[in-house]
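Source file: upload_33.csv; contents: CSV, C-alpha atoms.
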chain,number,residue,atom,x,y,z
A,1045,MET,CA,25.4,2.5,16.3
A,1046,THR,CA,24.4,6.1,15.5
A,1047,GLN,CA,25.5,5.6,11.9
A,1048,GLN,CA,23.4,2.4,11.6
A,1049,THR,CA,20.3,4.1,13.1
A,1050,SER,CA,20.7,7.0,10.7
A,1051,LYS,CA,20.9,4.6,7.7
A,1052,GLN,CA,17.8,2.7,8.9
A,1053,SER,CA,15.7,5.9,9.1
A,1054,HIS,CA,16.2,6.4,5.4
A,1055,GLN,CA,15.1,2.9,4.4
A,1056,ALA,CA,11.7,2.5,2.7
A,1057,ARG,CA,9.2,1.1,5.2
A,1058,ILE,CA,5.5,0.4,5.9
A,1059,VAL,CA,3.8,3.2,7.8
A,1060,ALA,CA,0.3,1.7,7.9
A,1061,VAL,CA,-1.5,-1.6,7.3
A,1062,SER,CA,-5.2,-1.2,6.5
A,1063,VAL,CA,-8.1,-3.6,6.0
A,1064,SER,CA,-11.9,-3.5,5.6
A,1065,ASP,CA,-14.4,-6.3,6.1
A,1066,ARG,CA,-16.5,-5.1,3.1
A,1067,LYS,CA,-15.9,-3.3,-0.2
A,1068,GLY,CA,-16.9,0.3,-0.6
A,1069,VAL,CA,-15.9,1.5,2.9
A,1070,VAL,CA,-12.8,3.2,4.1
A,1071,LYS,CA,-10.2,0.8,5.5
A,1072,HIS,CA,-9.1,1.0,9.1
A,1073,ASN,CA,-5.5,0.7,10.3
A,1074,VAL,CA,-4.4,-2.4,12.2
A,1075,ASP,CA,-1.3,-3.3,14.2
A,1076,GLN,CA,-0.5,-6.1,11.8
A,1077,ALA,CA,-2.0,-8.4,9.2
A,1078,ARG,CA,-1.2,-11.7,7.6
A,1079,LEU,CA,-0.6,-11.8,3.9
A,1080,LEU,CA,-1.6,-15.1,2.2
A,1081,VAL,CA,0.0,-16.5,-0.9
A,1082,ASP,CA,-2.1,-15.8,-4.1
A,1083,HIS,CA,-4.8,-14.3,-1.9
A,1084,GLY,CA,-4.0,-11.0,-0.2
A,1085,LEU,CA,-4.5,-9.7,3.4
A,1086,GLU,CA,-6.4,-12.2,5.6
A,1087,GLY,CA,-9.8,-10.7,6.4
A,1088,ASP,CA,-9.7,-7.9,3.8
A,1089,ALA,CA,-12.8,-7.7,1.5
A,1090,HIS,CA,-10.5,-7.0,-1.5
A,1091,ALA,CA,-8.4,-10.1,-1.0
A,1092,GLU,CA,-9.7,-12.4,-3.7
A,1093,GLY,CA,-6.6,-13.8,-5.6
A,1094,GLY,CA,-6.2,-12.6,-9.1
A,1095,HIS,CA,-3.5,-10.0,-9.9
A,1096,ARG,CA,-4.8,-7.2,-7.5
A,1097,GLN,CA,-4.3,-9.1,-4.2
A,1098,VAL,CA,-2.7,-6.2,-2.2
A,1099,SER,CA,-2.8,-2.5,-2.9
A,1100,LEU,CA,0.1,-0.1,-2.0
A,1101,LEU,CA,0.2,3.7,-1.9
A,1102,ALA,CA,3.0,5.9,-0.8
A,1103,GLN,CA,2.6,8.3,2.1
A,1104,GLU,CA,4.1,10.9,-0.2
A,1105,SER,CA,1.1,10.5,-2.5
A,1106,ILE,CA,-1.3,11.0,0.5
A,1107,ASP,CA,0.6,14.1,1.4
A,1108,LYS,CA,0.0,15.5,-2.1
A,1109,MET,CA,-3.7,15.1,-1.5
A,1110,ARG,CA,-3.4,16.8,1.9
A,1111,ALA,CA,-1.6,19.7,0.3
A,1112,ALA,CA,-4.6,20.0,-2.1
A,1113,GLY,CA,-6.9,20.4,0.8
A,1114,ALA,CA,-8.1,16.8,1.5
A,1115,GLN,CA,-8.4,15.7,5.1
A,1116,VAL,CA,-7.1,12.1,4.4
A,1117,LYS,CA,-5.0,9.5,6.2
A,1118,ALA,CA,-3.6,6.1,5.5
A,1119,GLY,CA,-6.3,3.7,4.4
A,1120,ASP,CA,-8.7,6.3,3.0
A,1121,PHE,CA,-7.7,5.4,-0.6
A,1122,ALA,CA,-8.5,1.7,0.1
A,1123,GLU,CA,-4.8,0.9,0.1
A,1124,ASN,CA,-3.7,-2.1,2.2
A,1125,LEU,CA,-0.1,-1.0,2.7
A,1126,THR,CA,1.0,2.6,3.0
A,1127,THR,CA,4.7,3.0,2.3
A,1128,LEU,CA,7.2,5.7,3.0
A,1129,GLY,CA,10.5,6.4,1.2
A,1130,LEU,CA,9.6,4.4,-1.9
A,1131,ASP,CA,8.0,5.8,-5.1
A,1132,VAL,CA,5.9,2.7,-5.6
A,1133,TRP,CA,4.2,4.2,-8.7
A,1134,ALA,CA,7.6,4.3,-10.4
A,1135,LEU,CA,8.3,0.6,-10.0
A,1136,PRO,CA,7.8,-1.4,-13.2
A,1137,VAL,CA,5.3,-4.3,-13.3
A,1138,GLY,CA,7.2,-7.4,-12.3
A,1139,THR,CA,9.2,-5.7,-9.6
A,1140,ARG,CA,9.6,-8.0,-6.6
A,1141,LEU,CA,9.6,-6.5,-3.0
A,1142,ARG,CA,10.5,-8.0,0.3
A,1143,VAL,CA,8.4,-6.6,3.2
A,1144,GLY,CA,9.8,-7.3,6.7
A,1145,SER,CA,11.5,-10.6,7.1
A,1146,GLU,CA,9.0,-12.9,5.5
A,1147,VAL,CA,6.7,-11.4,2.9
A,1148,GLU,CA,7.5,-11.2,-0.8
A,1149,LEU,CA,5.3,-9.3,-3.3
A,1150,GLU,CA,5.4,-8.8,-7.1
A,1151,ILE,CA,4.0,-5.6,-8.6
A,1152,THR,CA,1.3,-6.5,-11.1
A,1153,GLN,CA,-0.5,-3.2,-11.9
A,1154,ILE,CA,0.2,0.5,-11.7
A,1155,GLY,CA,-2.9,2.7,-11.1
A,1156,LYS,CA,-6.5,1.8,-11.7
A,1157,ALA,CA,-9.7,3.4,-12.9
A,1158,CYS,CA,-11.3,5.5,-10.2
A,1159,HIS,CA,-14.7,4.1,-9.4
A,1160,LYS,CA,-17.8,6.2,-9.9
A,1161,GLY,CA,-18.8,8.2,-6.8
A,1162,CYS,CA,-15.2,8.3,-5.3
A,1163,ALA,CA,-15.6,10.4,-2.2
A,1164,ILE,CA,-12.1,11.8,-2.4
A,1165,ARG,CA,-12.5,12.9,-6.0
A,1166,GLU,CA,-15.9,14.5,-5.2
A,1167,LEU,CA,-14.4,16.3,-2.2
A,1168,VAL,CA,-11.1,17.5,-3.7
A,1169,GLY,CA,-11.7,17.2,-7.4
A,1170,ASP,CA,-8.9,14.6,-7.8
A,1171,CYS,CA,-7.8,11.2,-6.5
A,1172,ILE,CA,-4.2,10.0,-6.5
A,1173,MET,CA,-4.9,6.2,-6.4
A,1174,PRO,CA,-5.6,5.9,-10.2
A,1175,ARG,CA,-2.2,7.3,-11.0
A,1176,GLU,CA,0.0,6.4,-8.0
A,1177,GLY,CA,-1.5,3.4,-6.4
A,1178,VAL,CA,-0.1,0.0,-7.3
A,1179,PHE,CA,-1.2,-3.6,-6.9
A,1180,ALA,CA,0.7,-6.7,-6.2
A,1181,ARG,CA,0.3,-10.4,-5.7
A,1182,VAL,CA,1.7,-12.3,-2.7
A,1183,LEU,CA,4.5,-14.7,-3.6
A,1184,GLN,CA,5.5,-15.5,0.0
A,1185,ALA,CA,3.2,-15.3,3.0
A,1186,GLY,CA,3.8,-13.7,6.4
A,1187,ILE,CA,2.9,-10.9,8.8
A,1188,VAL,CA,3.2,-7.2,7.9
A,1189,LYS,CA,3.2,-4.4,10.3
A,1190,PRO,CA,4.0,-0.7,10.4
A,1191,GLY,CA,7.8,-0.2,10.6
A,1192,ASP,CA,8.6,-3.2,8.4
A,1193,VAL,CA,11.4,-2.4,6.0
A,1194,ILE,CA,10.7,-2.7,2.2
A,1195,GLU,CA,13.5,-3.9,0.0
A,1196,VAL,CA,13.4,-3.9,-3.8
A,1197,LEU,CA,14.6,-7.4,-4.9
A,1198,SER,CA,14.4,-7.1,-8.6
Would you give me this structure, written as structure tokens?
Amino acid sequence: MTQQTSKQSHQARIVAVSVSDRKGVVKHNVDQARLLVDHGLEGDAHAEGGHRQVSLLAQESIDKMRAAGAQVKAGDFAENLTTLGLDVWALPVGTRLRVGSEVELEITQIGKACHKGCAIRELVGDCIMPREGVFARVLQAGIVKPGDVIEVLS
């Protein structure tokens, strides 16, 4: 049992699920959310279909910004899913992920242009999302919550 627990603690996982009801505001963390096929997180202002249905950012990326002096937390970069133990920015476009027991995602874009007036960039002089944030489309629906294991399928 101890060996299995140790192994599980090193698995990639979700540490926060974040949504906002309108664009241009910081997302707030929720206990769980439903991902809808070809849409994104139910109730999130950024869920519109297309190829950027869900955004992911590694906690390790947020920690880099904290080390640079930013007082930031999960959701502050407008990411839906904050991960731990997986370099999401290093995954090639087309990579498929299983999140928890139900959800399947496909990476569609790495990084994005930082929008004008980005509060993080103005405060710290840099923003990590344009380089290390990734976007995915939802292939299989389901509930996601903090603690869910992330598995790279292909």
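Closest to Val1178 in chain A among A:Pro1190, A:Gly1113, A:Gly1144, A:Pro1136 is A:Pro1136, based on only C-alpha atoms.
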(message) Can you pull out the residues contacting range 1101-1111 of chain A? Cut-off 6 Å, using only C-alpha atoms, and skip same-chain residues under 5 positions away; I want them as a list in words.
(response)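 Selected residues are Thr1126, Thr1127, Leu1128 and Gly1177 of chain A.
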(message) Rounded to one decimal, what separation in Å do you get between CA of Arg1078 in chain A and CA of Ser1198 in chain A?
(response) 23.0 Å
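Straight-line separation from CA of Gly1186 in chain A to CA of His1083 in chain A: 12.0 Å.
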(message) Please return as an NGL selection string every residue within 9 Å of (-1.9, 3.6, -13.5), taking into account all atoms listed in the file and the file's own coordinates.
(response) :A and (1133 or 1153-1157 or 1173-1178)
(message) Ranking A:Ala1180, A:Val1196, A:Ala1060, A:Val1143 by minimum distance to Gly1094 in chain A and counting all atoms listed in the file, which one comes first?
(response)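 Result for the nearest residue to Gly1094 in chain A: A:Ala1180.
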(message) I'd like to know which of A:Ile1194, A:Leu1149, A:Val1188, A:Val1098 is closest to Ala1056 in chain A, using all atoms listed in the file.
(response)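 Checking each of A:Ile1194, A:Leu1149, A:Val1188, A:Val1098 against Ala1056 in chain A, counting all atoms listed in the file, the winner is A:Ile1194.
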(message) I'd like to know which of A:Ile1058, A:Leu1183, A:Ala1091, A:Leu1197 is closest to Leu1135 in chain A, using only C-alpha atoms.
(response)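 Ranking A:Ile1058, A:Leu1183, A:Ala1091, A:Leu1197 by distance to Leu1135 in chain A, first place goes to A:Leu1197.
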(message) Considering all atoms listed in the file, can you say which of A:Asn1124, A:Gln1115, A:Ser1145, A:Ser1099 comes closest to His1072 in chain A?
(response)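 Answer, going by the shortest atom-to-atom distance: A:Asn1124.
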(request) Pick out the closest residue to Lys1189 in chain A from this set: A:Ile1172, A:Leu1141, A:Val1070, A:Leu1125. Count all atoms listed in the file. (result) A:Leu1125
(request) Work out how far CA of His1054 in chain A is from CA of Glu1123 in chain A, in Å to one decimal. (result) 22.3 Å
(request) In the coordinates of the file, take the point (-4.6, -3.9, 9.1) and a cut-off of 7 Å; then, counting only C-alpha atoms, name each qualifying protein, DNA or RNA residue as an MDAnalysis selection string. (result) chainID A and resid 1061:1063 1072:1077
(request) Extract, using all atoms listed in the file, all DNA, RNA and protein residues at most 6 Å from Ala1185 in chain A, discarding same-chain residues fewer than 4 positions from it, and format them as a PyMOL selection string. (result) chain A and resi 1079-1081+1147
Export range 1072-1181 of chain A from the structure block above, keeping C-alpha atoms, as a compact mmCIF listing (two decimals), in the first residue's frame.
# COMPACT_ATOMS: atom_id res chain seq x y z
CA HIS A 1072 -12.42 31.55 -9.71
CA ASN A 1073 -11.66 28.05 -8.50
CA VAL A 1074 -14.50 25.53 -8.24
CA ASP A 1075 -14.79 22.09 -6.63
CA GLN A 1076 -15.58 20.48 -10.00
CA ALA A 1077 -16.86 21.29 -13.47
CA ARG A 1078 -18.36 19.45 -16.41
CA LEU A 1079 -16.49 19.43 -19.71
CA LEU A 1080 -18.74 19.22 -22.76
CA VAL A 1081 -17.66 17.65 -26.07
CA ASP A 1082 -16.62 20.26 -28.66
CA HIS A 1083 -17.51 23.08 -26.25
CA GLY A 1084 -15.39 23.35 -23.08
CA LEU A 1085 -16.22 23.88 -19.41
CA GLU A 1086 -19.92 24.26 -18.80
CA GLY A 1087 -20.65 27.80 -17.61
CA ASP A 1088 -17.25 29.23 -18.57
CA ALA A 1089 -17.27 32.40 -20.68
CA HIS A 1090 -14.41 31.09 -22.86
CA ALA A 1091 -16.19 27.83 -23.76
CA GLU A 1092 -17.30 28.40 -27.33
CA GLY A 1093 -16.21 25.40 -29.32
CA GLY A 1094 -13.49 25.97 -31.87
CA HIS A 1095 -9.98 24.73 -31.12
CA ARG A 1096 -9.44 26.61 -27.81
CA GLN A 1097 -12.19 25.00 -25.72
CA VAL A 1098 -10.14 24.41 -22.56
CA SER A 1099 -6.95 26.09 -21.35
CA LEU A 1100 -4.30 24.37 -19.26
CA LEU A 1101 -1.35 25.80 -17.37
CA ALA A 1102 1.12 23.98 -15.15
CA GLN A 1103 1.42 24.93 -11.49
CA GLU A 1104 5.16 24.91 -12.17
CA SER A 1105 4.61 27.83 -14.59
CA ILE A 1106 2.63 29.75 -11.98
CA ASP A 1107 5.46 29.11 -9.52
CA LYS A 1108 7.92 30.73 -11.99
CA MET A 1109 5.80 33.88 -11.94
CA ARG A 1110 5.66 33.80 -8.13
CA ALA A 1111 9.46 33.55 -8.06
CA ALA A 1112 9.52 36.71 -10.24
CA GLY A 1113 7.48 38.55 -7.63
CA ALA A 1114 3.91 38.09 -8.86
CA GLN A 1115 1.25 37.39 -6.24
CA VAL A 1116 -0.67 34.91 -8.41
CA LYS A 1117 -2.67 31.74 -7.94
CA ALA A 1118 -4.42 29.12 -10.04
CA GLY A 1119 -6.96 30.77 -12.35
CA ASP A 1120 -5.24 34.16 -12.47
CA PHE A 1121 -3.91 33.45 -15.98
CA ALA A 1122 -7.45 32.59 -17.19
CA GLU A 1123 -6.57 28.90 -17.36
CA ASN A 1124 -9.36 26.37 -16.79
CA LEU A 1125 -7.20 23.50 -15.59
CA THR A 1126 -4.08 23.94 -13.50
CA THR A 1127 -1.87 20.86 -13.65
CA LEU A 1128 0.97 19.55 -11.52
CA GLY A 1129 3.69 17.14 -12.58
CA LEU A 1130 3.21 17.53 -16.34
CA ASP A 1131 5.06 19.98 -18.59
CA VAL A 1132 1.96 20.77 -20.65
CA TRP A 1133 3.87 23.31 -22.77
CA ALA A 1134 6.17 20.52 -23.99
CA LEU A 1135 3.34 18.33 -25.31
CA PRO A 1136 3.01 18.46 -29.09
CA VAL A 1137 -0.21 19.54 -30.75
CA GLY A 1138 -2.32 16.42 -31.25
CA THR A 1139 -1.40 14.86 -27.88
CA ARG A 1140 -4.39 13.19 -26.26
CA LEU A 1141 -4.89 13.30 -22.49
CA ARG A 1142 -7.19 11.41 -20.15
CA VAL A 1143 -8.25 13.46 -17.13
CA GLY A 1144 -9.83 11.50 -14.32
CA SER A 1145 -11.86 8.49 -15.38
CA GLU A 1146 -14.00 10.12 -18.07
CA VAL A 1147 -12.58 13.18 -19.80
CA GLU A 1148 -10.42 13.03 -22.91
CA LEU A 1149 -8.72 16.11 -24.34
CA GLU A 1150 -6.60 16.78 -27.42
CA ILE A 1151 -3.94 19.53 -27.36
CA THR A 1152 -4.67 21.98 -30.19
CA GLN A 1153 -2.44 25.00 -29.50
CA ILE A 1154 0.64 25.86 -27.47
CA GLY A 1155 0.79 29.43 -26.20
CA LYS A 1156 -1.13 32.47 -27.36
CA ALA A 1157 -0.68 36.16 -27.93
CA CYS A 1158 -0.95 38.09 -24.68
CA HIS A 1159 -3.88 40.47 -24.87
CA LYS A 1160 -3.34 44.20 -24.54
CA GLY A 1161 -3.55 45.41 -20.96
CA CYS A 1162 -2.67 42.05 -19.39
CA ALA A 1163 -2.64 42.80 -15.65
CA ILE A 1164 0.05 40.19 -14.93
CA ARG A 1165 2.39 41.56 -17.62
CA GLU A 1166 1.87 45.11 -16.39
CA LEU A 1167 2.55 44.12 -12.77
CA VAL A 1168 5.56 41.84 -13.28
CA GLY A 1169 6.78 42.73 -16.75
CA ASP A 1170 6.13 39.22 -18.06
CA CYS A 1171 3.30 36.71 -18.45
CA ILE A 1172 3.82 32.96 -18.72
CA MET A 1173 0.56 32.05 -20.52
CA PRO A 1174 1.76 33.11 -24.01
CA ARG A 1175 4.67 30.65 -23.79
CA GLU A 1176 3.52 27.86 -21.50
CA GLY A 1177 -0.27 27.84 -21.58
CA VAL A 1178 -1.89 25.28 -23.85
CA PHE A 1179 -5.34 24.80 -25.32
CA ALA A 1180 -7.31 21.67 -25.97
CA ARG A 1181 -10.58 20.48 -27.39
